[in-house]
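In what follows, a structure is listed as structure tokens, so that the remarks can point back to it.
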Amino acid sequence: MHIEELSLIAVAALVVVVAVSLLAGRIGIASPLILVVLGIGIGYLPGIPLVRVDPEIILVAVLPPLLYSAAVNVPVLDLRRNLGPIAGLSVVLVIVSAVVIGFILHWLVPALPLAAAIALGAVVSPTDAVAATSIGKRLGLPPRLVTILEGESLVNDATSLVLLRTALAAIAGSFVFWEAVGTFAFAVLVAVLVGLLAGIVTVWVRSKLTNPVYDTVISFAVPFIAFVPTEYLGASGVLAVVVTGLYSGHHAARKFSATARVNERLNWRTAQFVLENGVFLMMGLELHALVEDVGRSDLSLVRTAVAALIVVAILILLRMGFMVPMIWSLRRSLPRHEARAAGMQRLAERVDAIPESELPEAGSRSWLRLRRVRRLADRSAADLQHAKAQGLDRRGGLILGWSGMRGVVTLAAAQSIPITVTYRSQLVVIAFLVAVITLLLHGLTLPPLIRRLRPAGPSQDDRKQELVALYQDLVDEGNAALDGALQREHERAEQDPAHREPPETVVHRVRSSVRNSLTPLAFSMPPSTKAGGSRTGDEAMIYLQLARAVLDAQRAALLEARAIGQYSSQSLRLAEEALDAYELRLTPPQKH
């Protein structure tokens, strides 16, 4: 195929993806579902050649940026609060599912080696949260359920691929149980270390860049900087990418400029949109070629389809069954949250009782330790409030259990199975059918299930009130910072007669900007007051200095609120975007 034809196909695919996404938003069906069905239909049109995509393209070129784009936007606060259920679903359930499916398939088809059957189990075990979260967010699914789905889909890919590598080694006849356990542990440990190192280095480098073009180039290289060396060391490259993405996203608020953060959001949202939807379209296009391969084998397509249905049933039963002990353990953990919060509160009260004359000097190590105690007490109280307000009940567990869709990783991993494996084509088709069936089955039935169950979570009024509280906290912090800056200016004027105090008009403008900086936040909450003003020359410089002091104080307060976990990540992100937008207005244009 000539480069002109490939270019034409690529452009047509982009147009189709955008058109389907627009259509999906109007008819209320997740775009991945439409793209899969559309791809299947196009693949069977007369004159359309069989589509075969090298799995290495998916595993090396698509998966790293796709996982990074998801990880960089997942709040670490939410992952910390939901670490238990995420670890259970992404590690324990994946391993159990792979082993159970492997033994059942080997029992049904004795000619299929047990290791190959477990390899297929590893392939179909990881979920893809793209369709589920897009449906859930549109229908108002509680943020905690969305976070668990996103966190699970990030980590379970690494578990699946490491398990697949172990099973393929067993097929080659080099399997030893304890050696496999050691290999798994090595792959995880090295991936975490390399991912952290890549995150630390790239965040430091990007924090020193002032040119947004250079920063964007480095940003697109980050997932491969984490992936390639990790794979070279024989560890899990996808896990390293996830760790790097989480580190970069968490430290962006402190290390990057507002311009870099705004560019990062837009660039990776675009990349995520194109890659996710493009892969689902490709999944549908590949079905025809896979069916042709199975048609030339002695294990018929009908038997292969029946095996795929059995695998889907097993996956659903295991996932729904896993919800029971998971919800039970979450309920059992509530008293532990209460005890920790109470203990930290008692410790904080002791700190608060220290007389002001005995308090250490501000900024000293002792002062920082006392401040950290207060922060930990506030964080424990916020964690307890979160656990009570967004508890995962039976309704939430049922929705979580019915959100086990499979996607790109399942398809890519299946095609990495060596050609020498017995019934390799059938295994790939089974994996593909499992992905398509779960996408369509869960994707079409999940919306009515969510509407019927209406799982517990914060209401729209609760979120608006939370935004009002966060808005007021940031306004109060900004006003306090301005008062402090004006007091220092007044003291300087008293000491130096040549120093001019800020004119009242400038102070008024900056006072107005305390609220103006958060104006975009007002669109998501009840109406608030707005103000503004203007003048020239030196006053513009004074205005900029005072406005920056206000903005820095508000950002510090926002970071403190995020560290404590007093507000939800959704509210914190809206506030951060509002401050970033205002910072961009205060940043003079740069020459490139």
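Order determines the names: the first chain of the structure tokens is A, the second B, and so forth; residues in each chain are numbered 1 upward, and ligands are numbered 1 upward as they are shown.
When the distance limit is 8 Å and only C-alpha atoms are what count, the residues near Ala198 (chain A), minus those fewer than 4 positions from it on the same chain, are Val194, Thr202, Val222, Ile225, Ala226 and Thr244 of chain A.
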Apply DSSP to the backbone of this structure and, from region 349-413 of chain A, keep only the residues in alpha helix (DSSP H); write these as a PyMOL selection string. chain A and resi 349-352+365-389+394-401+408-413
Generate the output file for the selected residues, N, CA and C atoms, as a short mmCIF file (atom, residue, chain, number, x, y, z; two decimals), in the first residue's frame.
data_model
loop_
_atom_site.label_atom_id
_atom_site.label_comp_id
_atom_site.auth_asym_id
_atom_site.auth_seq_id
_atom_site.Cartn_x
_atom_site.Cartn_y
_atom_site.Cartn_z
N GLU A 349 -5.04 18.38 69.06
CA GLU A 349 -5.53 19.21 70.16
C GLU A 349 -4.43 19.50 71.16
N ARG A 350 -3.55 18.52 71.37
CA ARG A 350 -2.41 18.75 72.26
C ARG A 350 -1.48 19.81 71.69
N VAL A 351 -1.29 19.76 70.36
CA VAL A 351 -0.45 20.77 69.71
C VAL A 351 -1.10 22.15 69.82
N ASP A 352 -2.42 22.21 69.60
CA ASP A 352 -3.13 23.49 69.67
C ASP A 352 -3.10 24.08 71.08
N ARG A 365 12.35 23.59 62.09
CA ARG A 365 11.98 22.18 61.96
C ARG A 365 10.86 21.81 62.93
N SER A 366 10.96 22.29 64.16
CA SER A 366 9.92 21.97 65.16
C SER A 366 8.58 22.55 64.73
N TRP A 367 8.61 23.77 64.20
CA TRP A 367 7.36 24.39 63.73
C TRP A 367 6.76 23.59 62.58
N LEU A 368 7.61 23.12 61.66
CA LEU A 368 7.12 22.33 60.53
C LEU A 368 6.53 21.00 60.99
N ARG A 369 7.15 20.40 62.03
CA ARG A 369 6.61 19.13 62.56
C ARG A 369 5.22 19.35 63.16
N LEU A 370 5.06 20.42 63.93
CA LEU A 370 3.75 20.71 64.52
C LEU A 370 2.70 20.98 63.43
N ARG A 371 3.13 21.69 62.38
CA ARG A 371 2.21 21.96 61.28
C ARG A 371 1.82 20.68 60.56
N ARG A 372 2.79 19.75 60.47
CA ARG A 372 2.50 18.48 59.81
C ARG A 372 1.49 17.66 60.63
N VAL A 373 1.56 17.75 61.95
CA VAL A 373 0.60 17.04 62.79
C VAL A 373 -0.81 17.56 62.52
N ARG A 374 -0.94 18.88 62.44
CA ARG A 374 -2.26 19.46 62.17
C ARG A 374 -2.76 19.04 60.78
N ARG A 375 -1.85 19.01 59.81
CA ARG A 375 -2.26 18.60 58.48
C ARG A 375 -2.71 17.15 58.47
N LEU A 376 -1.97 16.27 59.15
CA LEU A 376 -2.35 14.86 59.19
C LEU A 376 -3.70 14.67 59.88
N ALA A 377 -3.95 15.47 60.92
CA ALA A 377 -5.25 15.39 61.60
C ALA A 377 -6.37 15.82 60.66
N ASP A 378 -6.16 16.90 59.94
CA ASP A 378 -7.17 17.36 58.98
C ASP A 378 -7.36 16.34 57.87
N ARG A 379 -6.24 15.73 57.41
CA ARG A 379 -6.35 14.73 56.35
C ARG A 379 -7.13 13.51 56.82
N SER A 380 -6.86 13.05 58.04
CA SER A 380 -7.58 11.88 58.57
C SER A 380 -9.07 12.16 58.69
N ALA A 381 -9.41 13.38 59.14
CA ALA A 381 -10.82 13.75 59.25
C ALA A 381 -11.48 13.79 57.87
N ALA A 382 -10.75 14.33 56.88
CA ALA A 382 -11.30 14.39 55.52
C ALA A 382 -11.46 13.00 54.92
N ASP A 383 -10.49 12.10 55.18
CA ASP A 383 -10.59 10.73 54.70
C ASP A 383 -11.80 10.03 55.30
N LEU A 384 -12.04 10.25 56.59
CA LEU A 384 -13.19 9.65 57.25
C LEU A 384 -14.49 10.17 56.64
N GLN A 385 -14.54 11.49 56.42
CA GLN A 385 -15.74 12.08 55.82
C GLN A 385 -15.98 11.50 54.43
N HIS A 386 -14.90 11.32 53.66
CA HIS A 386 -15.01 10.75 52.31
C HIS A 386 -15.53 9.32 52.37
N ALA A 387 -15.00 8.52 53.32
CA ALA A 387 -15.42 7.13 53.44
C ALA A 387 -16.90 7.02 53.82
N LYS A 388 -17.38 7.96 54.63
CA LYS A 388 -18.78 7.93 55.04
C LYS A 388 -19.70 8.43 53.94
N ALA A 389 -19.26 9.52 53.27
CA ALA A 389 -20.13 10.15 52.27
C ALA A 389 -20.18 9.37 50.97
N ARG A 394 -24.01 -1.81 48.20
CA ARG A 394 -24.37 -2.90 47.28
C ARG A 394 -24.66 -2.38 45.88
N ARG A 395 -25.34 -1.24 45.80
CA ARG A 395 -25.66 -0.70 44.48
C ARG A 395 -24.38 -0.31 43.73
N GLY A 396 -23.47 0.36 44.45
CA GLY A 396 -22.20 0.71 43.83
C GLY A 396 -21.39 -0.51 43.44
N GLY A 397 -21.41 -1.53 44.29
CA GLY A 397 -20.70 -2.76 43.99
C GLY A 397 -21.26 -3.47 42.77
N LEU A 398 -22.59 -3.44 42.62
CA LEU A 398 -23.22 -4.07 41.46
C LEU A 398 -22.82 -3.36 40.16
N ILE A 399 -22.81 -2.03 40.20
CA ILE A 399 -22.41 -1.27 39.01
C ILE A 399 -20.94 -1.50 38.69
N LEU A 400 -20.12 -1.53 39.74
CA LEU A 400 -18.69 -1.79 39.54
C LEU A 400 -18.47 -3.18 38.95
N GLY A 401 -19.24 -4.15 39.42
CA GLY A 401 -19.12 -5.50 38.90
C GLY A 401 -19.57 -5.63 37.46
N VAL A 408 -8.48 -2.51 24.33
CA VAL A 408 -7.27 -2.49 23.52
C VAL A 408 -6.18 -3.43 24.03
N VAL A 409 -5.98 -3.48 25.34
CA VAL A 409 -4.90 -4.31 25.89
C VAL A 409 -5.18 -5.78 25.63
N THR A 410 -6.43 -6.18 25.76
CA THR A 410 -6.80 -7.57 25.50
C THR A 410 -6.47 -7.96 24.06
N LEU A 411 -6.82 -7.10 23.12
CA LEU A 411 -6.57 -7.40 21.71
C LEU A 411 -5.08 -7.42 21.40
N ALA A 412 -4.35 -6.42 21.88
CA ALA A 412 -2.91 -6.33 21.60
C ALA A 412 -2.15 -7.48 22.24
N ALA A 413 -2.48 -7.79 23.49
CA ALA A 413 -1.77 -8.86 24.19
C ALA A 413 -2.04 -10.21 23.53
#
Leaving out Val99 (chain A) and any residue of its chain fewer than 5 positions from it, which residues lie within 10 Å of it when counting only C-alpha atoms, given as a short mmCIF file (atom, residue, chain, number, x, y, z; two decimals) with N, CA and C atoms, in the first residue's frame?
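Heads up, here's the output in part.cif:
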data_model
loop_
_atom_site.label_atom_id
_atom_site.label_comp_id
_atom_site.auth_asym_id
_atom_site.auth_seq_id
_atom_site.Cartn_x
_atom_site.Cartn_y
_atom_site.Cartn_z
N LEU A 93 -7.84 -10.00 41.44
CA LEU A 93 -8.88 -10.51 40.54
C LEU A 93 -8.29 -10.91 39.19
N VAL A 94 -7.31 -10.19 38.69
CA VAL A 94 -6.69 -10.53 37.41
C VAL A 94 -6.01 -11.89 37.49
N ILE A 104 -10.26 -24.10 33.27
CA ILE A 104 -11.54 -24.49 32.66
C ILE A 104 -11.37 -24.73 31.15
N LEU A 114 -2.17 -26.25 29.17
CA LEU A 114 -2.62 -25.47 30.32
C LEU A 114 -1.96 -24.09 30.32
N ALA A 115 -0.68 -24.02 30.03
CA ALA A 115 0.01 -22.73 30.04
C ALA A 115 -0.57 -21.79 29.00
N ALA A 117 -3.65 -21.89 27.88
CA ALA A 117 -4.98 -21.49 28.36
C ALA A 117 -4.87 -20.39 29.43
N ILE A 118 -3.86 -20.50 30.32
CA ILE A 118 -3.65 -19.46 31.32
C ILE A 118 -3.20 -18.17 30.66
N ALA A 119 -2.41 -18.29 29.59
CA ALA A 119 -2.00 -17.11 28.84
C ALA A 119 -3.23 -16.37 28.30
N LEU A 120 -4.19 -17.13 27.76
CA LEU A 120 -5.42 -16.50 27.29
C LEU A 120 -6.17 -15.85 28.46
N GLY A 121 -6.19 -16.54 29.62
CA GLY A 121 -6.82 -15.95 30.80
C GLY A 121 -6.19 -14.63 31.19
N ALA A 122 -4.84 -14.56 31.09
CA ALA A 122 -4.15 -13.31 31.40
C ALA A 122 -4.51 -12.23 30.40
N SER A 125 -8.25 -10.90 31.14
CA SER A 125 -8.58 -10.48 32.50
C SER A 125 -8.61 -8.97 32.72
N LEU A 163 1.86 -11.39 33.81
CA LEU A 163 1.35 -12.76 33.92
C LEU A 163 1.41 -13.47 32.58
#
Excluding Pro143 (chain A) and residues on its chain fewer than 3 positions from it, collect all residues at most 10 Å away from it, counting only C-alpha atoms, and give them as a tab-separated table (two decimals) with N, CA and C atoms, in the first residue's frame.
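Result file follows (result_26.tsv):
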chain	number	residue	atom	x	y	z
A	78	ASP	N	-7.21	10.54	45.10
A	78	ASP	CA	-8.26	9.54	44.93
A	78	ASP	C	-7.68	8.12	44.93
A	133	THR	N	-16.32	4.51	32.04
A	133	THR	CA	-16.21	5.82	32.69
A	133	THR	C	-16.90	6.91	31.87
A	136	GLY	N	-20.44	6.42	32.80
A	136	GLY	CA	-20.65	6.78	34.19
A	136	GLY	C	-20.62	8.27	34.44
A	137	LYS	N	-19.63	8.97	33.85
A	137	LYS	CA	-19.53	10.42	34.04
A	137	LYS	C	-20.74	11.13	33.45
A	140	GLY	N	-23.72	10.73	35.84
A	140	GLY	CA	-23.56	11.16	37.22
A	140	GLY	C	-23.14	10.06	38.18
A	146	VAL	N	-15.96	6.01	39.67
A	146	VAL	CA	-15.18	6.37	38.48
A	146	VAL	C	-13.69	6.22	38.75
A	147	THR	N	-13.25	6.68	39.93
A	147	THR	CA	-11.84	6.58	40.30
A	147	THR	C	-11.38	5.12	40.37
A	148	ILE	N	-12.20	4.26	40.96
A	148	ILE	CA	-11.83	2.84	41.08
A	148	ILE	C	-11.71	2.22	39.70
A	149	LEU	N	-12.65	2.53	38.81
A	149	LEU	CA	-12.58	1.99	37.45
A	149	LEU	C	-11.33	2.46	36.72
A	390	GLN	N	-19.10	8.66	50.63
A	390	GLN	CA	-19.05	7.94	49.36
A	390	GLN	C	-18.76	6.46	49.59
A	457	GLY	N	-23.88	8.73	46.52
A	457	GLY	CA	-22.75	9.62	46.26
A	457	GLY	C	-23.21	11.05	46.43
A	458	PRO	N	-22.29	12.01	46.36
A	458	PRO	CA	-22.67	13.41	46.52
A	458	PRO	C	-23.59	13.87	45.41
A	568	SER	N	-13.18	17.37	47.26
A	568	SER	CA	-13.04	16.33	46.24
A	568	SER	C	-12.09	16.77	45.15
A	569	SER	N	-11.52	15.80	44.45
A	569	SER	CA	-10.57	16.11	43.39
A	569	SER	C	-11.23	16.90	42.27
A	570	GLN	N	-12.54	16.68	42.03
A	570	GLN	CA	-13.24	17.41	40.97
A	570	GLN	C	-13.27	18.90	41.29
A straight line from CA of Arg573 (chain A) to CA of Ala553 (chain A) spans 16.8 Å
